[in-house]
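Source file: run.cif. Holds: mmCIF, C-alpha atoms and all ligand atoms.
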```cif
data_upload
#
loop_
_atom_site.label_atom_id
_atom_site.label_comp_id
_atom_site.auth_asym_id
_atom_site.auth_seq_id
_atom_site.Cartn_x
_atom_site.Cartn_y
_atom_site.Cartn_z
CA MET A 796 -117.40 -5.93 89.33
CA PHE A 797 -120.92 -7.11 88.45
CA ILE A 798 -120.85 -9.17 85.31
CA HIS A 799 -123.94 -10.95 84.00
CA ARG A 800 -124.88 -12.67 80.79
CA ARG A 801 -128.33 -11.02 80.64
CA ARG A 802 -128.51 -8.24 78.06
CA GLY A 803 -130.00 -5.48 80.23
CA TRP A 804 -129.21 -2.75 77.69
CA GLU A 805 -131.64 -4.33 75.24
CA ILE A 806 -134.66 -3.45 77.38
CA PRO A 807 -135.62 -0.11 75.73
CA GLU A 808 -136.98 -1.27 72.40
CA SER A 809 -137.56 1.96 70.49
CA ALA A 810 -134.20 2.53 68.89
CA VAL A 811 -132.53 -0.77 69.61
CA THR A 812 -131.09 -3.38 67.27
CA PRO A 813 -133.61 -6.26 67.32
CA ARG A 814 -132.67 -8.86 69.92
CA GLU A 815 -132.78 -11.72 67.41
CA ALA A 816 -130.37 -9.91 65.11
CA VAL A 817 -127.93 -9.32 67.96
CA LEU A 818 -128.16 -12.89 69.20
CA ASN A 819 -127.76 -14.35 65.74
CA ARG A 820 -124.78 -12.15 65.06
CA ARG A 821 -123.16 -13.10 68.36
CA ALA A 822 -123.79 -16.79 67.80
CA LEU A 823 -122.09 -16.43 64.44
CA MET A 824 -119.21 -14.53 66.03
CA ALA A 825 -118.78 -17.11 68.76
CA GLY A 826 -118.69 -19.82 66.11
CA SER A 827 -116.08 -18.13 64.00
CA ALA A 828 -114.02 -17.23 67.09
CA GLY A 829 -114.07 -20.89 68.10
CA MET A 830 -112.97 -21.95 64.63
CA MET A 831 -110.15 -19.43 64.75
CA ALA A 832 -108.99 -20.52 68.19
CA GLY A 833 -108.34 -24.02 66.84
CA SER A 834 -105.68 -22.78 64.45
CA ALA A 835 -104.81 -19.45 66.05
CA ALA A 836 -101.04 -19.93 66.00
CA ILE A 837 -101.07 -20.27 62.23
CA THR A 838 -103.86 -17.92 61.29
CA ALA A 839 -103.40 -14.83 63.52
CA PRO A 840 -100.19 -13.41 61.96
CA ALA A 841 -101.38 -14.35 58.49
CA LEU A 842 -104.66 -12.56 59.14
CA ALA A 843 -102.84 -9.44 60.36
CA GLN A 844 -100.62 -9.38 57.28
CA SER A 845 -103.68 -9.65 55.04
CA GLY A 846 -105.16 -6.60 56.80
CA ALA A 847 -108.24 -8.62 57.83
CA VAL A 848 -109.73 -7.78 61.23
CA PRO A 849 -110.55 -10.88 63.31
CA PRO A 850 -113.92 -11.07 65.10
CA LEU A 851 -114.09 -9.97 68.72
CA PRO A 852 -113.18 -12.66 71.26
CA PRO A 853 -116.08 -14.10 73.28
CA HIS A 854 -116.79 -11.79 76.21
CA GLU A 855 -119.31 -10.95 78.91
CA ILE A 856 -121.59 -7.94 79.32
CA ASN A 857 -120.94 -5.70 82.29
CA LEU A 858 -124.22 -4.24 83.60
CA ARG A 859 -122.70 -2.02 86.27
CA TYR A 860 -123.06 1.09 84.10
CA GLN A 861 -126.75 1.38 83.24
CA PRO A 862 -127.33 3.88 80.43
CA GLY A 863 -130.89 4.81 81.49
CA ARG A 864 -131.89 5.60 77.93
CA ALA A 865 -132.43 3.76 74.64
CA LEU A 866 -129.52 2.80 72.46
CA THR A 867 -128.72 4.96 69.47
CA SER A 868 -129.13 2.99 66.25
CA GLU A 869 -125.98 1.35 64.95
CA ARG A 870 -126.40 3.11 61.62
CA GLU A 871 -126.56 6.57 63.23
CA ALA A 872 -123.63 5.88 65.56
CA THR A 873 -121.43 4.73 62.69
CA THR A 874 -122.34 7.38 60.12
CA TYR A 875 -122.44 10.58 62.22
CA ASN A 876 -118.90 11.06 63.43
CA ASN A 877 -116.22 13.52 64.41
CA PHE A 878 -112.82 12.43 63.09
CA TYR A 879 -110.99 15.50 61.81
CA GLU A 880 -108.13 13.44 60.35
CA PHE A 881 -110.68 12.45 57.68
CA GLY A 882 -112.34 15.86 57.39
CA THR A 883 -114.44 18.29 59.40
CA SER A 884 -117.89 17.09 58.28
CA LYS A 885 -119.89 14.43 60.15
CA THR A 886 -120.00 12.19 57.07
CA ILE A 887 -116.48 10.75 56.97
CA SER A 888 -117.50 7.12 57.53
CA ARG A 889 -116.97 6.01 53.93
CA GLU A 890 -113.62 7.81 53.61
CA ALA A 891 -112.47 6.24 56.90
CA GLN A 892 -112.90 2.70 55.51
CA ARG A 893 -109.56 3.21 53.75
CA MET A 894 -107.72 3.18 57.07
CA PRO A 895 -106.00 -0.20 57.64
CA ARG A 896 -106.76 -1.65 61.10
CA ARG A 897 -104.24 -4.52 60.84
CA PRO A 898 -101.38 -4.82 61.45
CA TRP A 899 -101.55 -2.24 64.28
CA THR A 900 -99.15 -1.51 67.12
CA LEU A 901 -99.74 0.40 70.36
CA LYS A 902 -96.86 1.80 72.39
CA VAL A 903 -97.10 2.62 76.10
CA GLU A 904 -94.05 4.57 77.23
CA GLY A 905 -92.67 7.41 79.30
CA MET A 906 -92.65 7.09 83.08
CA VAL A 907 -93.37 3.37 83.29
CA GLU A 908 -91.36 0.45 84.65
CA ARG A 909 -92.20 -1.70 81.63
CA PRO A 910 -92.51 0.21 78.32
CA LEU A 911 -94.76 -1.78 75.97
CA GLU A 912 -94.93 -2.14 72.21
CA LEU A 913 -97.89 -4.39 71.57
CA ASP A 914 -99.46 -5.90 68.50
CA ILE A 915 -103.19 -5.20 68.76
CA ASP A 916 -104.20 -8.87 68.72
CA ALA A 917 -101.65 -9.80 71.40
CA LEU A 918 -102.99 -6.89 73.46
CA ILE A 919 -106.58 -8.10 73.05
CA ARG A 920 -105.57 -11.60 74.13
CA ALA A 921 -103.89 -10.19 77.26
CA MET A 922 -106.73 -7.90 78.39
CA PRO A 923 -110.00 -8.65 80.24
CA ILE A 924 -112.50 -7.98 77.44
CA GLU A 925 -116.10 -7.01 78.29
CA GLU A 926 -118.99 -5.01 76.88
CA ARG A 927 -120.31 -1.80 78.48
CA VAL A 928 -123.02 0.59 77.38
CA TYR A 929 -121.96 4.22 77.83
CA ARG A 930 -123.48 7.59 77.00
CA LEU A 931 -121.13 9.73 74.90
CA ARG A 932 -121.65 13.50 75.07
CA CYS A 933 -120.00 15.68 72.43
CA VAL A 934 -119.06 19.27 73.34
CA GLU A 935 -121.23 20.27 70.33
CA ALA A 936 -124.29 19.24 72.41
CA TRP A 937 -125.21 15.99 70.67
CA ALA A 938 -125.13 12.62 72.40
CA MET A 939 -125.35 8.91 71.71
CA THR A 940 -125.68 5.73 73.77
CA VAL A 941 -123.94 2.62 72.45
CA PRO A 942 -122.47 -0.74 73.54
CA TRP A 943 -118.67 -0.75 73.40
CA THR A 944 -116.48 -3.84 73.73
CA GLY A 945 -113.07 -3.25 75.23
CA PHE A 946 -111.01 -3.34 78.40
CA PRO A 947 -110.36 -0.97 81.34
CA LEU A 948 -107.53 1.48 80.67
CA ALA A 949 -106.31 0.69 84.20
CA ALA A 950 -105.60 -2.92 83.13
CA LEU A 951 -103.25 -1.69 80.39
CA LEU A 952 -101.55 0.80 82.71
CA ASN A 953 -101.07 -1.91 85.32
CA MET A 954 -99.22 -3.95 82.72
CA ALA A 955 -96.83 -1.03 82.06
CA ARG A 956 -96.53 -0.10 85.76
CA PRO A 957 -96.46 3.73 85.98
CA LEU A 958 -93.81 5.22 88.26
CA GLY A 959 -95.02 6.77 91.52
CA SER A 960 -94.08 10.28 90.34
CA ALA A 961 -96.16 10.05 87.13
CA ARG A 962 -99.06 12.54 87.02
CA TYR A 963 -100.51 12.62 83.50
CA VAL A 964 -101.28 10.27 80.61
CA SER A 965 -101.50 11.37 76.97
CA PHE A 966 -103.14 9.56 74.05
CA GLN A 967 -101.90 9.96 70.49
CA THR A 968 -103.84 9.11 67.34
CA ALA A 969 -102.28 7.55 64.21
CA GLN A 970 -101.15 9.90 61.43
CA LEU A 971 -101.64 8.18 58.07
CA PRO A 972 -101.39 10.89 55.39
CA ALA A 973 -102.09 8.40 52.57
CA VAL A 974 -105.63 7.79 53.86
CA MET A 975 -106.34 10.80 56.11
CA PRO A 976 -107.01 13.87 53.93
CA GLY A 977 -107.65 16.02 57.00
CA LEU A 978 -103.94 15.94 57.86
CA ARG A 979 -103.37 18.28 54.91
CA GLN A 980 -105.14 20.99 56.93
CA SER A 981 -101.80 22.09 58.32
CA TRP A 982 -103.26 24.72 60.70
CA TYR A 983 -104.34 21.90 63.01
CA PRO A 984 -101.66 20.78 65.51
CA TRP A 985 -101.47 17.12 64.39
CA PRO A 986 -101.30 14.48 65.70
CA HIS A 987 -104.55 14.48 67.70
CA MET A 988 -103.32 14.25 71.26
CA GLU A 989 -105.47 14.55 74.37
CA ALA A 990 -104.57 13.83 77.97
CA CYS A 991 -105.86 13.28 81.49
CA THR A 992 -104.44 12.84 84.98
CA ILE A 993 -103.19 9.46 86.09
CA ALA A 994 -106.06 9.27 88.63
CA GLU A 995 -108.59 9.86 85.82
CA ALA A 996 -106.87 7.24 83.66
CA GLN A 997 -107.03 4.72 86.51
CA ASN A 998 -110.72 5.40 87.22
CA GLU A 999 -112.89 2.35 86.59
CA LEU A 1000 -114.88 4.16 83.86
CA SER A 1001 -111.86 4.89 81.63
CA PHE A 1002 -112.23 2.33 78.88
CA MET A 1003 -110.35 1.23 75.75
CA PRO A 1004 -112.91 0.10 73.13
CA ILE A 1005 -111.98 -2.41 70.44
CA GLY A 1006 -115.59 -3.05 69.40
CA LEU A 1007 -118.97 -1.41 68.88
CA PHE A 1008 -122.36 -3.19 68.67
CA GLY A 1009 -120.57 -6.54 68.96
CA GLN A 1010 -118.37 -5.92 65.90
CA PRO A 1011 -114.71 -4.87 65.69
CA LEU A 1012 -114.56 -1.09 66.19
CA PRO A 1013 -115.11 0.56 62.79
CA PRO A 1014 -112.45 3.00 61.61
CA GLN A 1015 -114.82 6.00 61.74
CA ASN A 1016 -115.45 5.37 65.45
CA GLY A 1017 -111.74 5.00 66.21
CA GLY A 1018 -110.92 1.41 65.26
CA PRO A 1019 -109.00 -0.61 65.94
CA LEU A 1020 -108.54 0.93 69.40
CA ARG A 1021 -109.60 4.15 71.12
CA VAL A 1022 -110.06 5.54 74.60
CA LEU A 1023 -113.30 6.71 76.27
CA PHE A 1024 -113.89 8.96 79.26
CA PRO A 1025 -117.71 8.96 79.38
CA TRP A 1026 -118.00 11.77 81.95
CA LYS A 1027 -115.98 14.18 79.77
CA TYR A 1028 -116.82 15.88 76.50
CA GLY A 1029 -116.10 13.52 73.60
CA PHE A 1030 -113.11 15.41 72.23
CA LYS A 1031 -111.05 14.02 75.12
CA SER A 1032 -111.66 10.45 73.86
CA GLY A 1033 -109.02 10.00 71.15
CA LYS A 1034 -109.52 7.58 68.28
CA SER A 1035 -107.26 5.05 66.51
CA LEU A 1036 -104.50 5.26 69.12
CA VAL A 1037 -100.87 4.38 68.47
CA ARG A 1038 -99.11 5.80 71.52
CA ILE A 1039 -99.85 6.36 75.20
CA VAL A 1040 -97.30 8.35 77.21
CA VAL A 1041 -97.15 8.51 81.00
CA GLN A 1042 -95.48 11.71 82.16
CA GLU A 1043 -94.92 14.20 84.98
CA ALA A 1044 -95.79 17.52 83.28
CA ARG A 1045 -99.28 18.33 81.96
CA PRO A 1046 -99.10 17.64 78.19
CA PRO A 1047 -100.33 20.11 75.56
CA THR A 1048 -103.61 18.94 74.01
CA PHE A 1049 -104.99 19.17 70.46
CA TRP A 1050 -108.11 21.20 71.24
CA GLY A 1051 -106.46 23.18 74.02
CA THR A 1052 -103.83 24.34 71.50
CA ILE A 1053 -106.44 25.28 68.88
CA GLN A 1054 -108.78 27.24 71.15
CA PRO A 1055 -107.87 27.20 74.86
CA ALA A 1056 -110.74 29.53 75.83
CA GLU A 1057 -113.29 27.01 74.50
CA TYR A 1058 -111.67 23.61 75.11
CA GLY A 1059 -109.94 23.26 78.45
CA PHE A 1060 -107.80 20.45 79.79
CA TRP A 1061 -110.46 18.93 82.07
CA ALA A 1062 -113.58 19.21 79.86
CA ASN A 1063 -115.94 17.50 82.32
CA VAL A 1064 -119.63 17.61 81.35
CA ASN A 1065 -121.66 20.19 83.30
CA PRO A 1066 -125.07 21.52 82.18
CA ALA A 1067 -124.57 24.76 84.14
CA VAL A 1068 -121.33 25.79 82.44
CA ALA A 1069 -122.01 27.04 78.92
CA HIS A 1070 -119.58 26.76 76.04
CA PRO A 1071 -118.62 30.36 75.13
CA ARG A 1072 -120.80 30.06 71.99
CA TRP A 1073 -123.71 27.85 73.10
CA SER A 1074 -125.56 26.47 76.12
CA GLN A 1075 -124.72 23.02 77.47
CA ALA A 1076 -128.01 22.74 79.42
CA THR A 1077 -129.55 20.24 76.98
CA GLU A 1078 -128.31 17.75 74.41
CA ARG A 1079 -129.68 16.32 71.15
CA LEU A 1080 -129.88 12.53 70.90
CA ILE A 1081 -128.62 11.61 67.45
CA GLY A 1082 -131.06 9.44 65.56
CA THR A 1083 -134.26 10.73 67.19
CA ASN A 1084 -133.20 14.40 67.54
CA GLU A 1085 -134.98 14.46 70.91
CA ARG A 1086 -133.59 17.14 73.27
CA VAL A 1087 -132.98 16.02 76.84
CA PRO A 1088 -131.38 17.71 79.86
CA THR A 1089 -127.61 17.37 80.09
CA GLN A 1090 -126.52 15.50 83.23
CA MET A 1091 -123.76 16.65 85.58
CA TRP A 1092 -120.63 14.53 84.87
CA ASN A 1093 -122.77 13.12 82.03
CA GLY A 1094 -124.58 11.13 84.73
CA TYR A 1095 -121.42 9.40 86.05
CA GLY A 1096 -120.90 11.52 89.19
CA GLU A 1097 -121.06 8.56 91.60
CA PHE A 1098 -117.92 7.16 89.95
CA VAL A 1099 -115.92 10.32 89.24
CA ALA A 1100 -116.93 13.35 91.35
CA GLY A 1101 -114.42 12.35 94.06
CA LEU A 1102 -111.56 12.72 91.57
CA TYR A 1103 -111.98 16.49 91.69
CA GLU A 1104 -112.12 17.19 95.40
CA GLY A 1105 -109.59 19.92 96.18
CA LEU A 1106 -109.41 20.99 92.53
CA GLN A 1107 -112.10 23.68 92.67
CA GLY A 1108 -109.54 26.29 91.55
CA GLU A 1109 -109.19 24.50 88.20
CA ARG A 1110 -111.42 25.21 85.17
CA LEU A 1111 -112.97 21.75 85.45
CA PHE A 1112 -115.92 22.08 83.07
CA ALA A 1113 -115.11 23.94 79.86
N1 LIG A 1201 -110.20 11.53 67.87
C1 LIG A 1201 -109.47 11.92 66.80
N2 LIG A 1201 -108.29 11.33 66.56
N3 LIG A 1201 -109.90 12.90 65.95
C2 LIG A 1201 -111.09 13.56 66.16
O1 LIG A 1201 -111.45 14.44 65.38
N4 LIG A 1201 -113.07 13.78 67.61
C3 LIG A 1201 -113.52 13.69 69.00
C4 LIG A 1201 -113.39 12.27 69.55
N5 LIG A 1201 -112.12 11.68 69.19
C5 LIG A 1201 -111.87 13.17 67.29
C6 LIG A 1201 -111.38 12.13 68.12
C7 LIG A 1201 -114.88 14.17 69.20
S1 LIG A 1201 -115.10 15.86 69.11
C8 LIG A 1201 -115.91 13.35 69.53
S2 LIG A 1201 -117.42 13.97 70.00
C9 LIG A 1201 -115.77 11.89 69.49
O2 LIG A 1201 -114.46 11.49 69.04
C10 LIG A 1201 -116.81 11.31 68.56
O3 LIG A 1201 -116.74 9.90 68.55
P1 LIG A 1201 -117.71 9.09 67.57
O4 LIG A 1201 -117.48 9.60 66.17
O5 LIG A 1201 -117.33 7.66 67.75
O6 LIG A 1201 -119.13 9.39 68.02
#
```
Could you rewrite the structure in this file as structure tokens?
Amino acid sequence: MFIHRRRGWEIPESAVTPREAVLNRRALMAGSAGMMAGSAAITAPALAQSGAVPPLPPHEINLRYQPGRALTSEREATTYNNFYEFGTSKTISREAQRMPRRPWTLKVEGMVERPLELDIDALIRAMPIEERVYRLRCVEAWAMTVPWTGFPLAALLNMARPLGSARYVSFQTAQLPAVMPGLRQSWYPWPHMEACTIAEAQNELSFMPIGLFGQPLPPQNGGPLRVLFPWKYGFKSGKSLVRIVVQEARPPTFWGTIQPAEYGFWANVNPAVAHPRWSQATERLIGTNERVPTQMWNGYGEFVAGLYEGLQGERLFA
């Protein structure tokens, strides 16, 4: 893994948070993290009980995954969202602030040697935290490019030790009816559950973000913890996860249950395979509204194309 301290993703200046602002914010974060570390044993549980979200731990920036385009502005990325639990419009960010991000527990269970039930802060302490800039491509043909802080999904799976016969991994979002008005739309098959194969889950790109733009992951983007598969359409990347299940049979998925003809299990990005109702040949960059060509595998083919050899009979792209 190539890890450097240099902030390569800050090079394109047009839509980027000013460098000074980022550096100042990170210096502040490092300071407060240091202060916290001194009294962590006393303050961490108390913080969780108060519902306060601690700052991200100090971490490095991984430059292996170059985005090749300017960052989306933080404001756009955090105010233009899909999170149907809060409603079907893109403007759920204010509503989502009501979701408590502490205390928070993640379970990893099913076909694993060591089932886990982890407090989010204990999980963060146990995982190798780093920042990566990824492109995210929504099936609706919009896209953004943002820096996520998190850890490889493979690191979490290694901790749980999947059994050799396990084939699939599913990801379940929290259901909090008191703060999620979308759950009252009973025609949706809640909870939001998407899934992938174990090989996809163990791919180096599969990532579990806990932060965005150097801050704890906001609720509207899936805080405190989500998953990301940057070569797949965004609906596969579940938000605000509470449960991960390793299993043998292919699990039913949220969007595959709603409309199987439009949202398949694999959902890999491909400009040549149109959605039944629109072309996927180009995508709109949120913030600037520029239209650019869609990239095969969302530009991540060198890392993931090999996963699909021998699977040509499957509907890999829609
Ligand atoms: N996860 C849950 N639980 N609920 C959702 O509605 N929407 C998905 C995905 N994860 C969704 C979800 C879709 S369609 C997209 S494109 C991305 O989240 C959007 O992530 P963002 O709002 O952080 O850009």
Å distance separating atom C2 of ligand LIG 1201 (chain A) from atom CA of A:Phe966, one decimal place
11.9 Å
Residues within 7 Å of ligand LIG 1201 (chain A) should be enumerated using only C-alpha atoms and all ligand atoms and returned as a PDB file with C-alpha atoms, in the coordinates of the input.
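Output below, filename selection34.pdb:
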```
ATOM      1  CA  ALA A 872    -123.630   5.880  65.560  1.00  0.00           C
ATOM      2  CA  TYR A 875    -122.440  10.580  62.220  1.00  0.00           C
ATOM      3  CA  ASN A 876    -118.900  11.060  63.430  1.00  0.00           C
ATOM      4  CA  ASN A 877    -116.220  13.520  64.410  1.00  0.00           C
ATOM      5  CA  PHE A 878    -112.820  12.430  63.090  1.00  0.00           C
ATOM      6  CA  TYR A 879    -110.990  15.500  61.810  1.00  0.00           C
ATOM      7  CA  GLU A 880    -108.130  13.440  60.350  1.00  0.00           C
ATOM      8  CA  ARG A 932    -121.650  13.500  75.070  1.00  0.00           C
ATOM      9  CA  CYS A 933    -120.000  15.680  72.430  1.00  0.00           C
ATOM     10  CA  VAL A 934    -119.060  19.270  73.340  1.00  0.00           C
ATOM     11  CA  THR A 968    -103.840   9.110  67.340  1.00  0.00           C
ATOM     12  CA  HIS A 987    -104.550  14.480  67.700  1.00  0.00           C
ATOM     13  CA  GLN A1015    -114.820   6.000  61.740  1.00  0.00           C
ATOM     14  CA  ASN A1016    -115.450   5.370  65.450  1.00  0.00           C
ATOM     15  CA  GLY A1017    -111.740   5.000  66.210  1.00  0.00           C
ATOM     16  CA  TYR A1028    -116.820  15.880  76.500  1.00  0.00           C
ATOM     17  CA  GLY A1029    -116.100  13.520  73.600  1.00  0.00           C
ATOM     18  CA  PHE A1030    -113.110  15.410  72.230  1.00  0.00           C
ATOM     19  CA  LYS A1031    -111.050  14.020  75.120  1.00  0.00           C
ATOM     20  CA  SER A1032    -111.660  10.450  73.860  1.00  0.00           C
ATOM     21  CA  GLY A1033    -109.020  10.000  71.150  1.00  0.00           C
ATOM     22  CA  LYS A1034    -109.520   7.580  68.280  1.00  0.00           C
ATOM     23  CA  SER A1035    -107.260   5.050  66.510  1.00  0.00           C
TER      24      SER A1035
END
```
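Pairwise distance (atom CA of A:Asn1093, atom CA of A:Ala1069) equals 14.3 Å.
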Nearest-residue call for A:Leu851, choices A:Leu948, A:Val1068, A:Val907, A:Leu1012, using only C-alpha atoms
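Answer, going by the shortest atom-to-atom distance: A:Leu1012.
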Counting only C-alpha atoms, select every polymer residue within 9 Å of (-118.4, 26.6, 83.1) as defined in the file's coordinates, and provide the selection as a PyMOL selection string.
chain A and resi 1065-1071+1110-1113
From the options A:Gly1051, A:Pro1014, A:Gly846, A:Gly1094, which residue's atoms come nearest to A:Ala891, counting only C-alpha atoms?
A:Pro1014
Could you list, as a PDB file with C-alpha atoms, keeping the file's coordinate frame, every residue within 12 Å of A:Gln980, counting all atoms listed in the file and ignoring same-chain residues fewer than 3 positions away?
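Resulting contents of around24.pdb:
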```
ATOM      1  CA  TYR A 879    -110.990  15.500  61.810  1.00  0.00           C
ATOM      2  CA  GLU A 880    -108.130  13.440  60.350  1.00  0.00           C
ATOM      3  CA  PHE A 881    -110.680  12.450  57.680  1.00  0.00           C
ATOM      4  CA  GLY A 882    -112.340  15.860  57.390  1.00  0.00           C
ATOM      5  CA  THR A 883    -114.440  18.290  59.400  1.00  0.00           C
ATOM      6  CA  PRO A 972    -101.390  10.890  55.390  1.00  0.00           C
ATOM      7  CA  MET A 975    -106.340  10.800  56.110  1.00  0.00           C
ATOM      8  CA  PRO A 976    -107.010  13.870  53.930  1.00  0.00           C
ATOM      9  CA  GLY A 977    -107.650  16.020  57.000  1.00  0.00           C
ATOM     10  CA  TYR A 983    -104.340  21.900  63.010  1.00  0.00           C
ATOM     11  CA  PRO A 984    -101.660  20.780  65.510  1.00  0.00           C
ATOM     12  CA  TRP A 985    -101.470  17.120  64.390  1.00  0.00           C
ATOM     13  CA  PRO A 986    -101.300  14.480  65.700  1.00  0.00           C
TER      14      PRO A 986
END
```
What does the distance from atom CA of A:Thr1052 to atom CA of A:Pro1088 come to in Å, to one decimal?
29.5 Å
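Using only C-alpha atoms, the smallest distance between any of A:Ala994, A:Glu935, A:Leu978, A:Trp943 and A:Gly959 comes from A:Ala994.
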Considering only C-alpha atoms, state which residue in the set A:Val1041, A:Val1022, A:Pro947, A:Trp982 is at the smallest distance from A:Arg909.
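The answer is A:Val1041, which sits nearest to A:Arg909.
The residue set within 9 Å of A:Thr1077, counting only C-alpha atoms and dropping same-chain residues fewer than 6 places from it, reads Ala936, Trp937, Pro1066, Arg1086, Val1087, Pro1088, Thr1089 and Gln1090 of chain A.
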Could you check which of A:Ile1081, A:Ile1039, A:Leu952, A:Met988 is closest to A:Gln970, using all atoms listed in the file?
A:Met988
Given the choices A:Asp916, A:Glu890, A:Glu995, A:Glu989, which gets closest to A:Pro849 if the distance is worked out from only C-alpha atoms?
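The closest residue to A:Pro849 is A:Asp916.
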Excluding A:Val848 and its own-chain neighbours fewer than 4 positions away, which residues fall within 8 Å of it when counting all atoms listed in the file? Please give them as a list in words.
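Listing them by chain and then by number gives Leu842, Ala843, Arg896, Arg897 and Pro1011 of chain A.
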For stretch 948-961 of chain A, what centre and edge lengths in Å (one decimal) does the axis-aligned box get once 3 Å is added on each side of all its listed atoms, as AutoDock Vina command-line options?
```
--center_x -100.7 --center_y 3.2 --center_z 86.0 --size_x 19.7 --size_y 20.2 --size_z 17.1
```
Taking the block just given, write stretch 974-1001 of chain A to a file that holds C-alpha atoms, as an mmCIF file, in the first residue's frame.
```cif
data_model
loop_
_atom_site.group_PDB
_atom_site.id
_atom_site.type_symbol
_atom_site.label_atom_id
_atom_site.label_comp_id
_atom_site.auth_asym_id
_atom_site.auth_seq_id
_atom_site.Cartn_x
_atom_site.Cartn_y
_atom_site.Cartn_z
ATOM 1 C CA VAL A 974 -36.161 9.975 13.325
ATOM 2 C CA MET A 975 -36.590 8.359 9.885
ATOM 3 C CA PRO A 976 -39.920 9.466 8.381
ATOM 4 C CA GLY A 977 -39.234 7.496 5.190
ATOM 5 C CA LEU A 978 -39.778 4.230 7.064
ATOM 6 C CA ARG A 979 -43.494 5.064 7.119
ATOM 7 C CA GLN A 980 -43.521 4.457 3.353
ATOM 8 C CA SER A 981 -44.429 0.845 3.969
ATOM 9 C CA TRP A 982 -44.267 -0.196 0.291
ATOM 10 C CA TYR A 983 -40.463 -0.139 0.531
ATOM 11 C CA PRO A 984 -38.909 -3.415 1.777
ATOM 12 C CA TRP A 985 -37.145 -1.956 4.852
ATOM 13 C CA PRO A 986 -34.519 -2.262 6.154
ATOM 14 C CA HIS A 987 -32.206 -1.087 3.352
ATOM 15 C CA MET A 988 -30.128 -4.160 2.666
ATOM 16 C CA GLU A 989 -27.659 -4.572 -0.183
ATOM 17 C CA ALA A 990 -25.102 -7.307 -0.746
ATOM 18 C CA CYS A 991 -22.046 -8.404 -2.689
ATOM 19 C CA THR A 992 -19.926 -11.527 -3.090
ATOM 20 C CA ILE A 993 -17.242 -12.315 -0.557
ATOM 21 C CA ALA A 994 -14.578 -11.722 -3.247
ATOM 22 C CA GLU A 995 -16.007 -8.231 -3.905
ATOM 23 C CA ALA A 996 -16.119 -7.525 -0.165
ATOM 24 C CA GLN A 997 -12.478 -8.558 0.186
ATOM 25 C CA ASN A 998 -11.340 -6.425 -2.765
ATOM 26 C CA GLU A 999 -8.943 -3.675 -1.721
ATOM 27 C CA LEU A 1000 -11.350 -0.944 -2.912
ATOM 28 C CA SER A 1001 -14.239 -1.979 -0.636
#
```
